[in-house]
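As provided, run_21.tsv (TSV, C-alpha atoms) reads as follows.
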chain	number	residue	atom	x	y	z
A	87	MET	CA	0.00	0.00	0.00
A	88	LYS	CA	1.38	3.38	-1.02
A	89	GLY	CA	1.67	6.18	1.51
A	90	TYR	CA	-0.49	9.29	1.42
A	91	PHE	CA	1.88	11.61	-0.43
A	92	GLU	CA	3.13	8.85	-2.73
A	93	ALA	CA	-0.38	7.84	-3.80
A	94	LEU	CA	-1.40	11.47	-4.24
A	95	GLU	CA	1.59	12.17	-6.44
A	96	GLU	CA	1.14	9.04	-8.53
A	97	GLN	CA	-2.62	9.39	-9.11
A	98	GLY	CA	-2.98	13.16	-9.02
A	99	TYR	CA	-5.86	12.76	-6.57
A	100	TYR	CA	-6.65	11.02	-3.28
A	101	LEU	CA	-10.12	9.79	-2.28
A	102	ILE	CA	-11.18	9.34	1.33
A	103	ALA	CA	-14.33	7.39	2.25
A	104	GLU	CA	-15.67	8.97	5.43
A	105	ILE	CA	-17.29	5.94	7.08
A	106	GLY	CA	-17.59	7.94	10.28
A	107	VAL	CA	-20.04	5.95	12.39
A	108	ASN	CA	-22.31	4.80	9.56
A	109	TYR	CA	-21.34	1.19	10.30
A	110	TYR	CA	-23.72	1.25	13.31
A	111	ASP	CA	-26.74	1.36	11.03
A	112	ILE	CA	-25.22	-1.12	8.56
A	113	ALA	CA	-24.72	-3.53	11.49
A	114	ALA	CA	-28.35	-3.14	12.57
A	115	LYS	CA	-29.65	-3.58	9.02
A	116	ASN	CA	-27.60	-6.71	8.34
A	117	GLY	CA	-27.83	-8.23	11.81
A	118	ILE	CA	-24.06	-8.33	12.26
A	119	SER	CA	-21.62	-6.97	14.84
A	120	LEU	CA	-20.30	-3.42	14.72
A	121	LEU	CA	-16.81	-4.65	13.91
A	122	ASP	CA	-18.06	-6.87	11.12
A	123	ALA	CA	-20.09	-3.97	9.70
A	124	ALA	CA	-17.07	-1.66	9.83
A	125	LYS	CA	-14.95	-4.32	8.11
A	126	LEU	CA	-17.63	-4.82	5.46
A	127	MET	CA	-17.58	-1.10	4.67
A	128	ILE	CA	-13.78	-1.09	4.53
A	129	LYS	CA	-13.85	-4.04	2.11
A	130	GLU	CA	-16.44	-2.35	-0.13
A	131	ALA	CA	-14.43	0.90	-0.13
A	132	LYS	CA	-11.29	-0.97	-1.14
A	133	GLU	CA	-13.09	-2.82	-3.93
A	134	CYS	CA	-14.38	0.51	-5.28
A	135	GLY	CA	-10.81	1.77	-5.61
A	136	LEU	CA	-10.91	4.36	-2.83
A	137	ASN	CA	-7.59	5.28	-1.24
A	138	ALA	CA	-8.56	5.56	2.42
A	139	VAL	CA	-11.34	4.99	4.90
A	140	LYS	CA	-11.89	7.33	7.81
A	141	PHE	CA	-13.73	6.83	11.07
A	142	GLN	CA	-14.48	9.21	13.96
A	143	SER	CA	-12.94	8.64	17.39
A	144	TYR	CA	-14.74	10.27	20.29
A	145	LYS	CA	-16.58	9.87	23.55
A	146	ALA	CA	-19.75	11.93	23.87
A	147	GLU	CA	-18.80	13.22	27.32
A	148	LYS	CA	-15.57	14.68	25.97
A	149	LEU	CA	-17.09	16.10	22.81
A	150	ALA	CA	-20.33	17.90	23.66
A	151	ALA	CA	-22.08	19.41	26.64
A	152	ARG	CA	-25.48	17.93	27.33
A	153	ILE	CA	-27.17	21.16	26.21
A	154	SER	CA	-25.48	21.20	22.77
A	155	PRO	CA	-28.21	21.74	20.14
A	156	SER	CA	-28.34	20.07	16.73
A	157	TYR	CA	-27.15	21.77	13.53
A	158	TRP	CA	-28.24	19.19	10.96
A	159	ASP	CA	-31.37	18.55	8.92
A	160	LEU	CA	-33.86	17.30	11.52
A	161	SER	CA	-36.04	15.76	8.82
A	162	GLU	CA	-33.15	13.40	8.09
A	163	GLU	CA	-31.74	13.02	11.62
A	164	SER	CA	-34.33	13.78	14.30
A	165	THR	CA	-32.02	13.82	17.33
A	166	ARG	CA	-31.99	17.38	18.65
A	167	SER	CA	-29.04	17.08	21.02
A	168	GLN	CA	-25.45	16.66	19.89
A	169	PHE	CA	-24.63	14.84	23.10
A	170	GLU	CA	-27.49	12.37	22.63
A	171	LEU	CA	-26.54	11.73	19.00
A	172	PHE	CA	-22.85	11.21	19.73
A	173	LYS	CA	-23.66	8.97	22.70
A	174	LYS	CA	-25.37	6.54	20.30
A	175	TYR	CA	-22.15	6.04	18.36
A	176	ASP	CA	-19.20	6.22	20.78
A	177	LEU	CA	-18.65	2.57	21.72
A	178	PHE	CA	-15.38	2.08	19.85
A	179	GLY	CA	-12.04	2.86	21.43
A	180	GLU	CA	-8.37	2.07	20.93
A	181	ASN	CA	-8.79	-1.73	20.76
A	182	GLU	CA	-11.48	-1.61	18.08
A	183	TYR	CA	-9.59	0.91	15.95
A	184	LYS	CA	-6.45	-1.23	16.21
A	185	ILE	CA	-8.44	-4.17	14.80
A	186	LEU	CA	-9.74	-1.98	11.96
A	187	LYS	CA	-6.27	-0.60	11.26
A	188	ASP	CA	-4.91	-4.15	10.95
A	189	TYR	CA	-7.76	-5.08	8.62
A	190	CYS	CA	-7.04	-2.03	6.45
A	191	ASP	CA	-3.40	-3.04	6.24
A	192	GLU	CA	-4.46	-6.56	5.24
A	193	LEU	CA	-6.58	-5.21	2.39
A	194	GLY	CA	-4.18	-2.45	1.35
A	195	ILE	CA	-6.25	0.65	2.09
A	196	MET	CA	-5.26	3.57	4.31
A	197	PHE	CA	-6.81	3.73	7.79
A	198	MET	CA	-7.74	7.13	9.23
A	199	SER	CA	-9.91	8.33	12.08
A	200	THR	CA	-10.63	11.89	13.11
A	201	PRO	CA	-9.83	12.37	16.81
A	202	PHE	CA	-12.16	14.65	18.76
A	203	ASP	CA	-10.31	14.64	22.09
A	204	PHE	CA	-6.75	14.48	23.38
A	205	GLU	CA	-6.96	10.83	24.42
A	206	ALA	CA	-8.12	9.77	20.96
A	207	ALA	CA	-5.36	11.83	19.34
A	208	ASP	CA	-2.82	10.02	21.51
A	209	TYR	CA	-3.89	6.43	20.90
A	210	LEU	CA	-4.40	7.05	17.16
A	211	GLN	CA	-0.80	8.19	16.75
A	212	LYS	CA	0.56	4.67	16.30
A	213	LEU	CA	-2.35	3.69	14.04
A	214	MET	CA	-2.25	6.48	11.44
A	215	GLU	CA	0.12	7.98	8.91
A	216	VAL	CA	-1.95	11.16	8.60
A	217	TYR	CA	-4.14	13.09	11.05
A	218	LYS	CA	-7.47	14.52	9.88
A	219	ILE	CA	-8.83	17.47	11.87
A	220	SER	CA	-12.51	18.36	11.77
A	221	SER	CA	-13.77	21.82	10.78
A	222	SER	CA	-15.28	22.02	14.24
A	223	ASP	CA	-11.81	22.11	15.81
A	224	ILE	CA	-10.23	24.78	13.62
A	225	THR	CA	-10.30	27.30	16.50
A	226	ASN	CA	-9.35	24.68	19.12
A	227	LEU	CA	-5.73	25.82	19.01
A	228	PRO	CA	-4.52	23.82	22.04
A	229	PHE	CA	-5.83	20.67	20.36
A	230	LEU	CA	-4.25	21.59	17.00
A	231	GLU	CA	-0.90	22.15	18.69
A	232	HIS	CA	-1.21	18.81	20.50
A	233	ILE	CA	-1.74	17.00	17.20
A	234	ALA	CA	0.95	19.01	15.41
A	235	LYS	CA	3.50	17.80	17.97
A	236	LYS	CA	2.89	14.23	16.81
A	237	ASN	CA	4.96	15.20	13.74
A	238	LYS	CA	2.69	13.60	11.18
A	239	PRO	CA	1.08	15.13	8.08
A	240	VAL	CA	-2.17	16.94	8.83
A	241	ILE	CA	-5.38	17.30	6.82
A	242	ILE	CA	-7.59	20.09	8.16
A	243	SER	CA	-11.10	21.03	7.07
A	244	THR	CA	-12.17	24.67	6.97
A	245	GLY	CA	-15.96	24.53	7.13
A	246	ALA	CA	-17.66	27.64	8.58
A	247	SER	CA	-14.27	29.38	8.86
A	248	ASN	CA	-13.13	32.87	8.03
A	249	LEU	CA	-9.72	33.41	6.46
A	250	ASP	CA	-8.17	34.81	9.65
A	251	GLU	CA	-9.25	31.67	11.54
A	252	ILE	CA	-7.67	29.45	8.91
A	253	HIS	CA	-4.42	31.40	9.13
A	254	ARG	CA	-4.35	31.13	12.93
A	255	ALA	CA	-4.98	27.38	12.76
A	256	ILE	CA	-2.18	26.89	10.25
A	257	GLU	CA	0.18	29.04	12.28
A	258	ALA	CA	-0.58	26.92	15.36
A	259	ILE	CA	0.22	23.73	13.45
A	260	ARG	CA	3.30	25.23	11.81
A	261	ARG	CA	4.86	26.06	15.19
A	262	TYR	CA	5.43	22.34	15.73
A	263	ASN	CA	5.04	20.65	12.36
A	264	THR	CA	6.77	21.19	9.02
A	265	HIS	CA	4.97	18.57	6.93
A	266	ARG	CA	3.09	19.87	3.92
A	267	LEU	CA	-0.49	20.58	4.98
A	268	THR	CA	-3.69	19.56	3.24
A	269	ILE	CA	-6.36	22.26	3.57
A	270	MET	CA	-9.90	21.14	2.77
A	271	HIS	CA	-12.66	23.40	1.54
A	272	CYS	CA	-15.79	22.30	3.36
A	273	VAL	CA	-19.32	23.60	3.92
A	274	LEU	CA	-20.59	22.82	7.41
A	275	GLU	CA	-24.17	22.25	6.33
A	276	TYR	CA	-25.71	18.78	6.40
A	277	PRO	CA	-26.65	18.21	3.65
A	278	THR	CA	-25.11	21.03	1.61
A	279	PRO	CA	-27.48	22.31	-1.09
A	280	LEU	CA	-25.77	22.42	-4.47
A	281	GLN	CA	-26.13	26.20	-4.57
A	282	HIS	CA	-24.14	26.42	-1.33
A	283	ALA	CA	-21.22	24.22	-2.43
A	284	ASN	CA	-19.17	27.36	-3.17
A	285	LEU	CA	-16.46	25.50	-5.08
A	286	LEU	CA	-14.72	28.72	-6.09
A	287	LYS	CA	-13.32	28.75	-2.55
A	288	ILE	CA	-11.01	25.96	-3.69
A	289	GLN	CA	-9.25	28.37	-6.04
A	290	SER	CA	-9.15	31.05	-3.34
A	291	LEU	CA	-7.44	28.62	-0.97
A	292	MET	CA	-4.95	27.69	-3.68
A	293	LYS	CA	-4.03	31.35	-4.15
A	294	GLU	CA	-3.87	32.03	-0.40
A	295	PHE	CA	-1.83	28.90	0.40
A	296	PRO	CA	0.16	28.10	-2.76
A	297	ASP	CA	2.61	25.79	-0.98
A	298	GLU	CA	-0.05	23.53	0.53
A	299	ILE	CA	-2.30	20.79	-0.89
A	300	ILE	CA	-5.91	21.89	-1.32
A	301	GLY	CA	-8.81	19.45	-1.10
A	302	TYR	CA	-12.58	19.30	-0.71
A	303	SER	CA	-14.67	17.62	1.99
A	304	ASP	CA	-18.12	17.23	0.48
A	305	HIS	CA	-21.53	17.18	2.18
A	306	THR	CA	-23.80	17.52	-0.87
A	307	LYS	CA	-26.24	14.76	-1.70
A	308	PRO	CA	-24.93	12.51	-4.51
A	309	THR	CA	-26.19	13.56	-7.93
A	310	GLY	CA	-25.49	10.32	-9.79
A	311	ASP	CA	-23.11	11.99	-12.24
A	312	ALA	CA	-20.58	13.04	-9.57
A	313	ILE	CA	-20.66	16.58	-10.94
A	314	VAL	CA	-19.76	18.26	-7.64
A	315	GLN	CA	-16.67	16.16	-6.95
A	316	THR	CA	-15.62	16.29	-10.61
A	317	VAL	CA	-15.83	20.08	-10.76
A	318	ALA	CA	-14.03	20.36	-7.42
A	319	PHE	CA	-11.17	18.26	-8.80
A	320	GLY	CA	-11.13	20.28	-12.00
A	321	MET	CA	-10.82	23.44	-9.94
A	322	GLY	CA	-7.75	22.08	-8.18
A	323	ALA	CA	-8.92	20.00	-5.21
A	324	ARG	CA	-6.51	17.08	-5.12
A	325	VAL	CA	-7.95	15.34	-2.06
A	326	ILE	CA	-11.66	14.51	-2.07
A	327	GLU	CA	-13.38	13.33	1.09
A	328	LYS	CA	-17.01	12.19	1.16
A	329	HIS	CA	-19.19	10.31	3.61
A	330	PHE	CA	-19.63	6.66	2.66
A	331	THR	CA	-22.50	4.24	3.14
A	332	LEU	CA	-23.73	0.95	1.75
A	333	ASP	CA	-27.36	2.13	1.82
A	334	LYS	CA	-28.33	5.74	1.13
A	335	THR	CA	-31.94	5.05	2.14
A	336	LEU	CA	-31.09	4.49	5.81
A	337	ARG	CA	-32.47	7.16	8.09
A	338	GLY	CA	-30.39	9.32	10.37
A	339	ASN	CA	-26.70	9.96	10.83
A	340	ASP	CA	-24.72	10.59	7.60
A	341	HIS	CA	-26.31	8.16	5.15
A	342	TYR	CA	-28.54	10.75	3.51
A	343	HIS	CA	-25.65	12.76	2.03
A	344	ALA	CA	-23.15	9.91	1.66
A	345	MET	CA	-21.87	8.23	-1.48
A	346	ASP	CA	-22.46	4.53	-1.94
A	347	THR	CA	-20.32	2.14	-3.95
A	348	GLY	CA	-21.91	3.19	-7.25
A	349	ASP	CA	-21.28	6.86	-6.52
A	350	ALA	CA	-17.69	6.11	-5.51
A	351	LYS	CA	-16.99	4.27	-8.75
A	352	LYS	CA	-18.47	7.13	-10.76
A	353	ILE	CA	-16.31	9.67	-8.93
A	354	ILE	CA	-13.18	7.61	-9.63
A	355	GLN	CA	-14.15	7.18	-13.28
A	356	ASN	CA	-14.64	10.93	-13.65
A	357	LEU	CA	-11.43	11.86	-11.87
A	358	LYS	CA	-9.42	9.51	-14.04
A	359	LEU	CA	-11.01	11.06	-17.12
A	360	VAL	CA	-10.38	14.62	-15.89
A	361	THR	CA	-6.76	13.68	-15.17
A	362	GLN	CA	-6.38	12.55	-18.78
A	363	ILE	CA	-8.06	15.67	-20.08
A	364	LYS	CA	-6.04	18.07	-17.93
A	365	GLY	CA	-2.66	16.92	-19.23
A	366	ASP	CA	0.14	19.22	-18.11
A	367	ALA	CA	0.68	22.96	-18.11
A	368	ALA	CA	3.53	23.06	-20.65
A	369	ILE	CA	2.90	25.47	-23.52
A	370	SER	CA	4.42	23.52	-26.40
A	371	CYS	CA	3.49	21.43	-29.41
A	372	LEU	CA	2.33	17.97	-28.39
A	373	GLU	CA	3.91	14.97	-30.04
A	374	SER	CA	0.45	13.95	-31.23
A	375	GLU	CA	0.13	17.31	-33.01
A	376	CYS	CA	3.33	17.04	-35.08
A	377	LEU	CA	1.72	15.63	-38.22
A	378	ALA	CA	-1.08	18.21	-38.14
A	379	ARG	CA	1.45	20.96	-37.38
A	380	GLU	CA	3.37	20.07	-40.54
A	381	ASN	CA	0.44	19.56	-42.87
A	382	ALA	CA	-2.01	22.24	-41.64
A	383	ARG	CA	0.47	25.09	-41.47
A	384	ARG	CA	1.50	27.09	-44.53
A	385	SER	CA	4.64	27.49	-46.58
A	386	ILE	CA	5.75	30.27	-48.93
A	387	VAL	CA	4.65	29.22	-52.44
A	388	ALA	CA	5.35	30.62	-55.92
A	389	LYS	CA	2.27	32.58	-56.99
A	390	CYS	CA	3.40	32.41	-60.62
A	391	ASP	CA	6.30	31.09	-62.71
A	392	ILE	CA	9.58	32.68	-61.55
A	393	LYS	CA	12.58	32.69	-63.91
A	394	ALA	CA	16.13	32.12	-62.71
A	395	GLY	CA	17.82	35.41	-61.77
A	396	THR	CA	14.53	37.10	-60.83
A	397	GLU	CA	14.62	39.23	-57.70
A	398	ILE	CA	12.01	37.92	-55.31
A	399	LYS	CA	9.25	40.36	-54.48
A	400	LYS	CA	6.19	39.89	-52.29
A	401	GLU	CA	3.85	40.02	-55.30
A	402	LEU	CA	5.42	36.81	-56.65
A	403	LEU	CA	4.55	34.83	-53.54
A	404	THR	CA	1.56	33.36	-51.71
A	405	PHE	CA	1.08	31.10	-48.70
A	406	LYS	CA	-0.35	27.58	-48.85
A	407	ARG	CA	-0.41	24.29	-47.05
A	408	PRO	CA	1.48	22.08	-46.17
A	409	GLY	CA	4.07	23.65	-43.91
A	410	ILE	CA	7.03	21.64	-45.21
A	411	GLY	CA	8.77	24.58	-46.88
A	412	ILE	CA	9.81	28.05	-45.74
A	413	SER	CA	7.41	29.37	-43.10
A	414	PRO	CA	5.54	32.65	-43.85
A	415	ASP	CA	7.03	34.13	-40.69
A	416	ARG	CA	10.37	34.16	-42.59
A	417	LEU	CA	9.03	36.15	-45.54
A	418	SER	CA	11.48	38.99	-44.92
A	419	ASP	CA	14.38	36.53	-45.31
A	420	ILE	CA	13.26	35.71	-48.87
A	421	ILE	CA	12.34	39.17	-50.19
A	422	GLY	CA	15.22	40.68	-52.21
A	423	LYS	CA	16.99	37.39	-52.93
A	424	GLN	CA	17.45	36.01	-56.45
A	425	ALA	CA	16.09	32.77	-57.83
A	426	VAL	CA	18.94	30.44	-58.82
A	427	THR	CA	16.67	28.20	-60.89
A	428	ASP	CA	13.38	28.37	-62.73
A	429	ILE	CA	10.49	27.96	-60.28
A	430	GLU	CA	7.09	26.83	-61.52
A	431	GLU	CA	3.85	28.29	-60.23
A	432	ASP	CA	2.52	26.57	-57.05
A	433	THR	CA	5.97	25.32	-56.06
A	434	ILE	CA	6.68	25.17	-52.32
A	435	LEU	CA	9.84	27.22	-51.91
A	436	LYS	CA	13.04	25.78	-50.43
A	437	GLU	CA	16.20	27.48	-49.17
A	438	ASP	CA	18.36	26.16	-52.05
A	439	MET	CA	16.22	27.97	-54.66
A	440	PHE	CA	17.69	31.40	-53.74
A	441	LYS	CA	20.89	33.24	-53.22

Once you've parsed the file, please lay out its structure as structure tokens.
Amino acid sequence: MKGYFEALEEQGYYLIAEIGVNYYDIAAKNGISLLDAAKLMIKEAKECGLNAVKFQSYKAEKLAARISPSYWDLSEESTRSQFELFKKYDLFGENEYKILKDYCDELGIMFMSTPFDFEAADYLQKLMEVYKISSSDITNLPFLEHIAKKNKPVIISTGASNLDEIHRAIEAIRRYNTHRLTIMHCVLEYPTPLQHANLLKIQSLMKEFPDEIIGYSDHTKPTGDAIVQTVAFGMGARVIEKHFTLDKTLRGNDHYHAMDTGDAKKIIQNLKLVTQIKGDAAISCLESECLARENARRSIVAKCDIKAGTEIKKELLTFKRPGIGISPDRLSDIIGKQAVTDIEEDTILKEDMFK
């Protein structure tokens, strides 16, 4: 299995399946254990061709006060308390994530989990190559510094952030960590309406942080054609993260805006196609254009019969395809010279015809 930066460089993109805690509902639906459901989702993500799976490591008591109100679509997830919602999905700890990490290694897919407290950040250190920080912690500078000191690459989402907050977060990380950062555009709205996706922010982040990797963490509902993720990649997002499920019809949690295996395959298909289309930034003639370059361009051609000894004037010349003779941009080099041989009308001129 290739490392994060190696895979990103080789492919040109990196795709993260945000399993989060969706395996709870998959376990209930299929009548299997939580670990088996998590493993099933990892296996499906690997078979789709995704680069990484990501979970969420937290304990409700350390994450939210009991009075924390909801901020999601209540018609999709009816729980009105953050604490109550998180408490439903906080059973896993270090032992379970170690099992999932080993399973990821066995399959050859990257394991990640977003830590939401200091204890989780500590036990995940030996399980992860890269840390992912949630948008919700972008102003939690003590926590960012704690993670930065682990001296691992960091991916940080910027949902609901102003530019000054992003700068302060990056400065906090940079005090202790010199790895190249991945900064993710993100809209903290579940689900994100298409008109709120604001993908132009990707280009703004690229201009503001030219030395860092820019990505996109997506919360829009899948469209079937993967247009949002495809446009994001076309705009420069090299890392794409999206919630992942095996059943988009399941109620609650993050299923309603997650990609399933079909969506994931479509995203990969599109990103591969866009990669081919994008090519590179060199401004030069492509090898595949050489034949057309030669035959579609023009040469200087005799407009009429020209006798040997005739001084060449512009009126005696015209410009026609193919471009195998003297290029029209060298007309001034020909004017004033003498023909050393008779030249018939419609002849493509060559250097040895003049002196």

If I take CA of Val139 in chain A and CA of Lys334 in chain A, how far is one from the other in Å, to one decimal? 17.4 Å

Find the residue from A:Lys328, A:Lys212, A:Arg384, A:His343 that sits nearest to Pro277 in chain A; use only C-alpha atoms when measuring.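 Checking each candidate against Pro277 in chain A, we get A:His343 as the closest.
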
Excluding Leu101 in chain A and its own-chain neighbours fewer than 3 positions away, which residues fall within 7 Å of it when counting all atoms listed in the file? Please give them as a PyMOL selection string. chain A and resi 136-138+325-327

Best match for closeness to Leu193 in chain A among A:Ile128, A:Ile392, A:Leu285, A:Val314, counting only C-alpha atoms: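 Once distances to Leu193 in chain A are computed over only C-alpha atoms, the minimum belongs to A:Ile128.
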
Counting all atoms listed in the file, give me one row per residue of range 341-369 of chain A with an atom at most 12 Å from an atom of range 103-108 of chain A, showing the shortest contact pair and its distance in Å to one decimal, sorted by chain then residue number, as a tab-separated table.
residue	atom	partner	partner_atom	distance
A:His341	CA	A:Asn108	CA	6.8
A:Tyr342	CA	A:Asn108	CA	10.5
A:His343	CA	A:Glu104	CA	11.2
A:Ala344	CA	A:Glu104	CA	8.4
A:Met345	CA	A:Ala103	CA	8.5
A:Asp346	CA	A:Ala103	CA	9.6
A:Thr347	CA	A:Ala103	CA	10.1
A:Asp349	CA	A:Ala103	CA	11.2
A:Ala350	CA	A:Ala103	CA	8.6
A:Lys351	CA	A:Ala103	CA	11.7
A:Ile353	CA	A:Ala103	CA	11.6
A:Ile354	CA	A:Ala103	CA	11.9

Minimum-distance residue to Tyr183 in chain A, chosen among A:Leu359, A:Leu372, A:Ile386, A:Leu210 (using only C-alpha atoms):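 Counting only C-alpha atoms, the residue closest to Tyr183 in chain A is A:Leu210.
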
Please provide as a list in words all residues within 9 Å of Thr278 in chain A, with the sequence filter that same-chain residues fewer than 5 positions apart are discarded (counting only C-alpha atoms). Val273, Ala283, Asp304, His305, Thr306, Lys307 and His343 of chain A

One decimal, Å: what's the distance from CA of His329 in chain A over to CA of Gly245 in chain A, could you say? 15.0 Å

May I have the residues within 10 Å of range 407-409 of chain A as JSON, numbers by chain, using only C-alpha atoms and disregarding those fewer than 5 positions away in the same chain? {"A": [378, 379, 380, 381, 382, 383, 384, 385, 386, 387, 414, 434]}

Identify, on the basis of all atoms listed in the file, every residue whose closest approach to Cys190 in chain A does not exceed 10 Å; exclude the query and any residue fewer than 4 positions from it along the same chain; express the result as a short mmCIF file (atom, residue, chain, number, x, y, z; two decimals) with C-alpha atoms, keeping the file's coordinate frame.
data_model
loop_
_atom_site.label_atom_id
_atom_site.label_comp_id
_atom_site.auth_asym_id
_atom_site.auth_seq_id
_atom_site.Cartn_x
_atom_site.Cartn_y
_atom_site.Cartn_z
CA MET A 87 0.00 0.00 0.00
CA LYS A 125 -14.95 -4.32 8.11
CA ILE A 128 -13.78 -1.09 4.53
CA LYS A 129 -13.85 -4.04 2.11
CA LYS A 132 -11.29 -0.97 -1.14
CA ALA A 138 -8.56 5.56 2.42
CA VAL A 139 -11.34 4.99 4.90
CA LYS A 184 -6.45 -1.23 16.21
CA ILE A 185 -8.44 -4.17 14.80
CA LEU A 186 -9.74 -1.98 11.96
CA GLY A 194 -4.18 -2.45 1.35
CA ILE A 195 -6.25 0.65 2.09
CA MET A 196 -5.26 3.57 4.31
CA PHE A 197 -6.81 3.73 7.79
CA MET A 198 -7.74 7.13 9.23
#

Mind pulling up the distance from CA of Leu267 in chain A to CA of Tyr175 in chain A?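 These atoms are spaced 29.3 Å apart.
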
To box range 409-427 of chain A, take all atoms listed in the file, fit an axis-aligned box, add 5 Å on each side, and give centre and edge lengths in Å to one decimal, as lines of an AutoDock Vina configuration file.
center_x = 11.5
center_y = 31.2
center_z = -50.8
size_x = 24.9
size_y = 29.0
size_z = 30.2

Here is a test: counting all atoms listed in the file, which residue of A:Ile242, A:His271, A:Ala124, A:Glu231 is nearest to Tyr189 in chain A?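 Result for the nearest residue to Tyr189 in chain A: A:Ala124.
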
Pick from A:Ser374, A:Asn263, A:Ser167, A:Gln315: nearest to Ala150 in chain A, with only C-alpha atoms counted?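 Smallest separation from Ala150 in chain A among the options: A:Ser167.
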
List as an MDAnalysis selection string: which residues have an atom within 10 Å of (-2.4, 19.8, 16.3), counting all atoms listed in the file? chainID A and resid 204 207 217:219 223:224 226:238 240 242 255:256 258:263

Residue contacts of Gln97 in chain A (10 Å, all atoms listed in the file) excluding same-chain residues fewer than 4 positions away, as a list in words: Glu92, Ala93, Arg324, Leu357, Lys358 and Thr361 of chain A

Using all atoms listed in the file, which of A:Gly422, A:Gly310, A:Pro239, A:Pro155 sits nearest Leu402 in chain A? A:Gly422

Would you fill out range 165-170 of chain A with all heavy atoms and return it as a PDB file, in the coordinates of the input?
ATOM      1  N   THR A 165     -32.594  13.555  16.012  1.00  0.00           N
ATOM      2  CA  THR A 165     -32.020  13.820  17.330  1.00  0.00           C
ATOM      3  C   THR A 165     -31.671  15.296  17.455  1.00  0.00           C
ATOM      4  O   THR A 165     -30.936  15.841  16.637  1.00  0.00           O
ATOM      5  CB  THR A 165     -30.760  12.949  17.542  1.00  0.00           C
ATOM      6  OG1 THR A 165     -31.077  11.586  17.294  1.00  0.00           O
ATOM      7  CG2 THR A 165     -30.248  13.102  18.969  1.00  0.00           C
ATOM      8  N   ARG A 166     -32.160  15.936  18.505  1.00  0.00           N
ATOM      9  CA  ARG A 166     -31.990  17.380  18.650  1.00  0.00           C
ATOM     10  C   ARG A 166     -30.799  17.760  19.534  1.00  0.00           C
ATOM     11  O   ARG A 166     -30.463  18.933  19.655  1.00  0.00           O
ATOM     12  CB  ARG A 166     -33.267  18.007  19.221  1.00  0.00           C
ATOM     13  CG  ARG A 166     -34.444  17.937  18.260  1.00  0.00           C
ATOM     14  CD  ARG A 166     -35.697  18.551  18.829  1.00  0.00           C
ATOM     15  NE  ARG A 166     -36.778  18.542  17.846  1.00  0.00           N
ATOM     16  CZ  ARG A 166     -36.991  19.483  16.940  1.00  0.00           C
ATOM     17  NH1 ARG A 166     -36.185  20.535  16.905  1.00  0.00           N
ATOM     18  NH2 ARG A 166     -37.978  19.392  16.074  1.00  0.00           N
ATOM     19  N   SER A 167     -30.173  16.818  20.141  1.00  0.00           N
ATOM     20  CA  SER A 167     -29.040  17.080  21.020  1.00  0.00           C
ATOM     21  C   SER A 167     -27.780  16.441  20.450  1.00  0.00           C
ATOM     22  O   SER A 167     -27.774  15.248  20.119  1.00  0.00           O
ATOM     23  CB  SER A 167     -29.311  16.497  22.409  1.00  0.00           C
ATOM     24  OG  SER A 167     -28.114  16.322  23.141  1.00  0.00           O
ATOM     25  N   GLN A 168     -26.715  17.223  20.343  1.00  0.00           N
ATOM     26  CA  GLN A 168     -25.450  16.660  19.890  1.00  0.00           C
ATOM     27  C   GLN A 168     -24.981  15.567  20.840  1.00  0.00           C
ATOM     28  O   GLN A 168     -24.532  14.500  20.407  1.00  0.00           O
ATOM     29  CB  GLN A 168     -24.385  17.754  19.798  1.00  0.00           C
ATOM     30  CG  GLN A 168     -24.608  18.759  18.683  1.00  0.00           C
ATOM     31  CD  GLN A 168     -23.461  19.741  18.586  1.00  0.00           C
ATOM     32  OE1 GLN A 168     -22.300  19.351  18.458  1.00  0.00           O
ATOM     33  NE2 GLN A 168     -23.783  21.033  18.649  1.00  0.00           N
ATOM     34  N   PHE A 169     -25.090  15.828  22.129  1.00  0.00           N
ATOM     35  CA  PHE A 169     -24.630  14.840  23.100  1.00  0.00           C
ATOM     36  C   PHE A 169     -25.375  13.524  22.923  1.00  0.00           C
ATOM     37  O   PHE A 169     -24.766  12.451  22.895  1.00  0.00           O
ATOM     38  CB  PHE A 169     -24.830  15.369  24.531  1.00  0.00           C
ATOM     39  CG  PHE A 169     -24.467  14.371  25.587  1.00  0.00           C
ATOM     40  CD1 PHE A 169     -23.146  14.211  25.987  1.00  0.00           C
ATOM     41  CD2 PHE A 169     -25.436  13.556  26.171  1.00  0.00           C
ATOM     42  CE1 PHE A 169     -22.800  13.271  26.943  1.00  0.00           C
ATOM     43  CE2 PHE A 169     -25.105  12.620  27.128  1.00  0.00           C
ATOM     44  CZ  PHE A 169     -23.784  12.473  27.519  1.00  0.00           C
ATOM     45  N   GLU A 170     -26.695  13.594  22.783  1.00  0.00           N
ATOM     46  CA  GLU A 170     -27.490  12.370  22.630  1.00  0.00           C
ATOM     47  C   GLU A 170     -27.129  11.630  21.347  1.00  0.00           C
ATOM     48  O   GLU A 170     -27.060  10.393  21.322  1.00  0.00           O
ATOM     49  CB  GLU A 170     -28.972  12.713  22.644  1.00  0.00           C
ATOM     50  CG  GLU A 170     -29.490  13.164  24.006  1.00  0.00           C
ATOM     51  CD  GLU A 170     -30.951  13.547  23.958  1.00  0.00           C
ATOM     52  OE1 GLU A 170     -31.604  13.292  22.918  1.00  0.00           O
ATOM     53  OE2 GLU A 170     -31.453  14.117  24.939  1.00  0.00           O
TER      54      GLU A 170
END
